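Visitor: My questions all concern the structure below.
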Amino acid sequence: MSFELFIGGRYLRARQKQSFISLITILSVVGVMVGVMALIVVIAVMAGFETDLKSRILGVESHIVIMRRGGVFSDYQSVLEHIKKINGVKQAAPFIYTQVMLKSSSGVSGAVLKGVDPKSEGQIVKNLHALLLRNREPEGKNSVYSNAAPGIILGKQLATKLNVIKGDNLYLISPAGMISPVGYLPSMKQYAVKDTFESGIHDYDESLAYINIKDAQKILRMNDSITGIEVNVSDIYSARNIAENIVDALGFPYWARDWMQMNKNLFSALKLEKTVMFIILTLIVLVAALNIASSLIMMVMEKTKDIAILKAMGATDMSIRKIFVFKGMIIGSVGTSLGVCSGYILCKLLEKYKFIDLPGDVYYITTLPVRLVASDVLLIAVAALVICFLATLYPAHQASKLNPVEAIRHG
C-alpha cells in the first residue's frame with residue numbers, strides 16, 4: 001500500500017477535532033448514495049416504460065411496411081417472393097389500409113380499417129395471432145356467407161364507443177362508392193362483430209378495425225390490389241438496414257418505413273425525457289460532491305501542520321494531492337457502491353411486488369414497469385465517480401500549495 005493511500009485512510013478513520021467535518025463526510029456519503037440510487041431507479045423505470053411501449057406497438061404494427069409510390073398495386077405476389085428471399089426477413093403479408101365510417105344501432109364513429117389475410121397476419125402482428133386463428137373462417141368457404149354477414153374485429157375502445165359487443169351487427173361505410181342518378185353514393189355493407197382486441201395503446205384501441213383482405217377489396221372496389229406489404233424480421237433493431245435492402249432489391253417506385261421511423265416522435269420524446277431526467281438527478285450527486293469538497297477543504301485547514309511535516313520529510317506536492325484525492329474518492333466510492341446496491345434492491349422489489357399503482361385512466365399500464373440495464377448502471381456509477389473525483393481536485397491542489405515553513409511557524 002502506498003503511503004498516500006495509507007495516510008488518506010487514516011485521515012478518514014481518525015477522530016476529527018471538529019465533529020462538524022465528520023458530519024459533512026457522513027452527509028457526503030449519504031448524498032452520493034441517494035443520488036445514485038435515485039438515478040438507477042428512475043432510469044430503470046423509464047427503460048421499462050420504453051420497453052413496454054415498444055412491445056405494445058409491435059403487438060399491433062409490423063417491423064417494416066413496404067409501399068409503392070402512386071398508391072395501390074396489384075402485382076404483389078412477385079413482390080412478396082422477392083421480399084421473402086431477403087436475408088433477415090421472417091414473414092411478409094399483404095394488407096389494405098384506409099379510413100371508413102362505422103355505424104351501429106346506437107352510435108357512429110370514424111375508424112382506420114385494415115384488411116388482412118388471417119392466415120398470415122397472425123404471424124406479423126403477435127397480439128392478433130390467437131384472435132385471428134380463433135375467428136378464422138373454415139377452409140373452403142368464402143368470407144361472405146350467404147346467410148351471415150362477414151366478420152370484423154374492433155379495438156375495445158372503438159367497440160365501446162359504438163356500443164357493440166361480440167355478435168352484434170354494424171354497417172361499414174366506405175368513400176369508395178359509385179355515381180347514381182341522385183349523385184355520389186358511398187359503399188355500405190353490414191358486418192358482424194367477431195371479437196375485440198386490446199393493445200393497451202388508446203390510439204389503436206379507439207380507431208383500429210380488422211376485416212378479411214378479400215372483403216376489403218370488394219367494398220373498396222380494389223379488385224386484386226393492395227395498399228402495401230407488412231414485413232417481420234428476425235432482429236427488430238436491424239429493421240432499418242433490412243428495409244433498405246428490400247428497397248434496393250425491388251427498386252423504384254417502392255419505398256419502405258421501419259417501426260422506429262413510424263414511431264420516431266414518440267421514441268425521440270422518450271429518449272429526450274430520459275436524458276433530461278439523468279441530467280436533473282445528477283445534480284443530486286453534484287450537491288453531494290460539493291459536500292465532499294467542503295469537508296476536504298476544512299480538513300486541509302485542520303491538517304495544516306501535518307501537511308507541513310510531511311513536506312518537510314520529503315513528501316512531494318503530487319503525494320499531498322494524492323492523499324486528499326484518495327480520501328475524497330473513498331467517500332465517493334463508498335457512496336456510489338451503497339447507491340448501486342440500494343438502487344438494485346429497490347428495482348427488484350418494484351419488479352417483484354409492484355407496490356406502486358398507476359391510475360388506469362391516465363396511463364396505459366397500472367404498475368411501474370422496471371427494466372434494469374447493466375450499461376445504464378455502469379454509466380451512472382462512472383458519472384458519480386467522475387463528479388466526486390472532480391470535487392477533490394481543488395482541495396487537493398490547495399493542500400499541495402501549502403508552504404511548510406509558514407505552516408509550522410503559524411502552527
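Identifiers in the C-alpha cells: chain A, B, ... in order shown; residue index from 1 per chain; ligand index from 1 in order shown.
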Just list the residues in segment 66-263 of chain A DSSP gives helix (DSSP H, G or I) on the backbone, as a ChimeraX atom specification.
Guide: /A:76-84,118-124,126-134,156-162,202-207,213-219,236-250,259-262
Visitor: Write the residues you've just listed into a file as an mmCIF file, in the first residue's frame, and include C-alpha atoms for each of them.
Guide:
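This went into part-v7.cif:
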data_model
loop_
_atom_site.group_PDB
_atom_site.id
_atom_site.type_symbol
_atom_site.label_atom_id
_atom_site.label_comp_id
_atom_site.auth_asym_id
_atom_site.auth_seq_id
_atom_site.Cartn_x
_atom_site.Cartn_y
_atom_site.Cartn_z
ATOM 1 C CA TYR A 76 -47.814 -8.097 -55.318
ATOM 2 C CA GLN A 77 -47.260 -11.871 -55.457
ATOM 3 C CA SER A 78 -43.905 -11.482 -57.211
ATOM 4 C CA VAL A 79 -43.005 -8.676 -54.797
ATOM 5 C CA LEU A 80 -43.799 -10.966 -51.854
ATOM 6 C CA GLU A 81 -41.494 -13.641 -53.241
ATOM 7 C CA HIS A 82 -38.657 -11.113 -53.662
ATOM 8 C CA ILE A 83 -39.089 -9.837 -50.111
ATOM 9 C CA LYS A 84 -39.091 -13.313 -48.546
ATOM 10 C CA PRO A 118 -55.994 -14.182 -41.432
ATOM 11 C CA LYS A 119 -53.558 -16.959 -42.390
ATOM 12 C CA SER A 120 -50.502 -14.713 -42.428
ATOM 13 C CA GLU A 121 -51.409 -11.612 -40.381
ATOM 14 C CA GLY A 122 -51.212 -13.549 -37.122
ATOM 15 C CA GLN A 123 -47.539 -14.198 -37.861
ATOM 16 C CA ILE A 124 -46.949 -10.480 -38.470
ATOM 17 C CA LYS A 126 -48.347 -11.135 -32.499
ATOM 18 C CA ASN A 127 -51.207 -9.658 -30.422
ATOM 19 C CA LEU A 128 -53.668 -10.755 -33.133
ATOM 20 C CA HIS A 129 -52.303 -14.274 -33.602
ATOM 21 C CA ALA A 130 -54.695 -16.111 -31.286
ATOM 22 C CA LEU A 131 -57.539 -13.735 -32.133
ATOM 23 C CA LEU A 132 -57.320 -14.296 -35.888
ATOM 24 C CA LEU A 133 -56.904 -18.050 -35.514
ATOM 25 C CA ARG A 134 -59.944 -18.217 -33.230
ATOM 26 C CA LYS A 156 -62.006 -2.446 -27.452
ATOM 27 C CA GLN A 157 -62.463 1.323 -27.084
ATOM 28 C CA LEU A 158 -63.951 1.556 -30.583
ATOM 29 C CA ALA A 159 -66.465 -1.172 -29.716
ATOM 30 C CA THR A 160 -67.362 0.721 -26.525
ATOM 31 C CA LYS A 161 -67.833 3.951 -28.482
ATOM 32 C CA LEU A 162 -70.159 2.159 -30.927
ATOM 33 C CA HIS A 202 -55.510 4.152 -26.598
ATOM 34 C CA ASP A 203 -54.995 5.458 -30.155
ATOM 35 C CA TYR A 204 -55.079 1.933 -31.602
ATOM 36 C CA ASP A 205 -57.886 0.594 -29.409
ATOM 37 C CA GLU A 206 -60.105 3.573 -30.250
ATOM 38 C CA SER A 207 -59.682 3.596 -34.018
ATOM 39 C CA ILE A 213 -58.496 -8.601 -47.106
ATOM 40 C CA LYS A 214 -60.888 -10.039 -49.718
ATOM 41 C CA ASP A 215 -63.833 -8.256 -48.077
ATOM 42 C CA ALA A 216 -61.814 -5.023 -48.032
ATOM 43 C CA GLN A 217 -61.021 -5.365 -51.741
ATOM 44 C CA LYS A 218 -64.708 -5.810 -52.525
ATOM 45 C CA ILE A 219 -66.112 -2.908 -50.532
ATOM 46 C CA ILE A 236 -36.052 -5.689 -34.803
ATOM 47 C CA TYR A 237 -33.007 -3.432 -34.345
ATOM 48 C CA SER A 238 -31.795 -4.339 -37.842
ATOM 49 C CA ALA A 239 -35.158 -3.391 -39.371
ATOM 50 C CA ARG A 240 -33.827 -0.200 -40.953
ATOM 51 C CA ASN A 241 -30.951 -1.976 -42.738
ATOM 52 C CA ILE A 242 -33.251 -4.767 -43.915
ATOM 53 C CA ALA A 243 -35.777 -2.195 -45.171
ATOM 54 C CA GLU A 244 -33.017 -0.537 -47.217
ATOM 55 C CA ASN A 245 -32.011 -3.935 -48.632
ATOM 56 C CA ILE A 246 -35.627 -4.633 -49.645
ATOM 57 C CA VAL A 247 -35.964 -1.271 -51.398
ATOM 58 C CA ASP A 248 -32.641 -1.839 -53.189
ATOM 59 C CA ALA A 249 -33.849 -5.264 -54.363
ATOM 60 C CA LEU A 250 -37.276 -4.029 -55.512
ATOM 61 C CA TRP A 259 -41.140 0.623 -36.942
ATOM 62 C CA MET A 260 -38.689 3.162 -35.498
ATOM 63 C CA GLN A 261 -39.416 5.647 -38.299
ATOM 64 C CA MET A 262 -43.169 5.133 -37.918
#
Visitor: Given only C-alpha atoms as the basis, pick out the residue of A:Val45, A:Ile330, A:Met299, A:Met101 nearest to Leu385 of chain A.
Guide: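 Closest candidate: A:Ile330.
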Visitor: Could you tell me how far atom CA of Lys274 of chain A sits from atom CA of Val36 of chain A, in Å to one decimal place?
Guide: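 Distance reported for this atom pair: 15.1 Å.
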Visitor: Show me, as a PDB file with C-alpha atoms, in the first residue's frame, the residues that have an atom within 7 Å of segment 278-288 of chain A when counting only C-alpha atoms, minus same-chain residues fewer than 3 positions from it.
Guide:
ATOM      1  CA  SER A  28     -21.451  13.342   1.606  1.00  0.00           C
ATOM      2  CA  GLY A  31     -25.828  12.261  -0.580  1.00  0.00           C
ATOM      3  CA  VAL A  32     -23.880  10.272  -3.183  1.00  0.00           C
ATOM      4  CA  GLY A  35     -28.295  10.414  -5.826  1.00  0.00           C
ATOM      5  CA  VAL A  36     -27.020   7.186  -7.380  1.00  0.00           C
ATOM      6  CA  LEU A  39     -30.755   7.762 -10.781  1.00  0.00           C
ATOM      7  CA  LYS A 274     -34.617  10.030 -20.172  1.00  0.00           C
ATOM      8  CA  THR A 275     -31.628  12.295 -20.908  1.00  0.00           C
ATOM      9  CA  ASN A 291     -20.087  18.390   0.373  1.00  0.00           C
ATOM     10  CA  ILE A 292     -17.019  16.241  -0.283  1.00  0.00           C
ATOM     11  CA  ALA A 384     -20.890   9.652  -9.967  1.00  0.00           C
ATOM     12  CA  ILE A 387     -18.075  14.034 -10.312  1.00  0.00           C
TER      13      ILE A 387
END
Visitor: What are the DSSP strand (DSSP E) residues of segment 86-331 of chain A, as an NGL selection string?
Guide: :A and (89-104 or 107-116 or 151-155 or 169-180 or 183-197 or 208-212 or 228-233 or 254-258)
Visitor: I need the residue nearest Val193 of chain A from this list: A:Val41, A:Leu5, A:Leu170, A:Leu23. Use only C-alpha atoms for the distance.
Guide: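 Once distances to Val193 of chain A are computed over only C-alpha atoms, the minimum belongs to A:Leu170.
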Visitor: With only C-alpha atoms as the counted atoms, please give the residues lying no more than 7 Å from segment 108-114 of chain A, apart from itself and same-chain residues fewer than 5 positions off, as a ChimeraX atom specification.
Guide: /A:95-103,162,207-211
Visitor: Residues as selected, N, CA and C atoms, written as a tab-separated table (two decimals), in the first residue's frame, can you do that?
Guide:
chain	number	residue	atom	x	y	z
A	95	PHE	N	-51.58	-6.18	-47.15
A	95	PHE	CA	-52.62	-5.56	-46.33
A	95	PHE	C	-53.26	-4.41	-47.10
A	96	ILE	N	-54.43	-4.01	-46.64
A	96	ILE	CA	-55.14	-2.85	-47.17
A	96	ILE	C	-55.42	-1.92	-45.99
A	97	TYR	N	-55.20	-0.64	-46.19
A	97	TYR	CA	-55.28	0.35	-45.10
A	97	TYR	C	-56.06	1.55	-45.60
A	98	THR	N	-57.15	1.89	-44.92
A	98	THR	CA	-57.95	3.04	-45.35
A	98	THR	C	-58.80	3.55	-44.18
A	99	GLN	N	-59.45	4.66	-44.39
A	99	GLN	CA	-60.34	5.23	-43.38
A	99	GLN	C	-61.79	5.03	-43.81
A	100	VAL	N	-62.63	4.66	-42.83
A	100	VAL	CA	-64.04	4.40	-43.11
A	100	VAL	C	-64.89	4.95	-41.96
A	101	MET	N	-66.19	4.83	-42.12
A	101	MET	CA	-67.14	5.14	-41.05
A	101	MET	C	-67.80	3.84	-40.61
A	102	LEU	N	-67.98	3.68	-39.31
A	102	LEU	CA	-68.68	2.52	-38.77
A	102	LEU	C	-69.94	3.03	-38.08
A	103	LYS	N	-71.07	2.39	-38.39
A	103	LYS	CA	-72.35	2.83	-37.83
A	103	LYS	C	-73.06	1.63	-37.19
A	162	LEU	N	-69.03	2.54	-30.07
A	162	LEU	CA	-70.16	2.16	-30.93
A	162	LEU	C	-71.23	1.40	-30.16
A	207	SER	N	-59.48	3.28	-32.60
A	207	SER	CA	-59.68	3.60	-34.02
A	207	SER	C	-59.51	2.42	-34.97
A	208	LEU	N	-58.90	1.33	-34.53
A	208	LEU	CA	-58.50	0.27	-35.47
A	208	LEU	C	-59.55	-0.82	-35.59
A	209	ALA	N	-59.79	-1.26	-36.84
A	209	ALA	CA	-60.72	-2.36	-37.11
A	209	ALA	C	-60.11	-3.25	-38.18
A	210	TYR	N	-60.30	-4.57	-38.04
A	210	TYR	CA	-59.74	-5.54	-38.97
A	210	TYR	C	-60.86	-6.30	-39.68
A	211	ILE	N	-60.70	-6.48	-41.00
A	211	ILE	CA	-61.57	-7.38	-41.76
A	211	ILE	C	-60.70	-8.20	-42.69
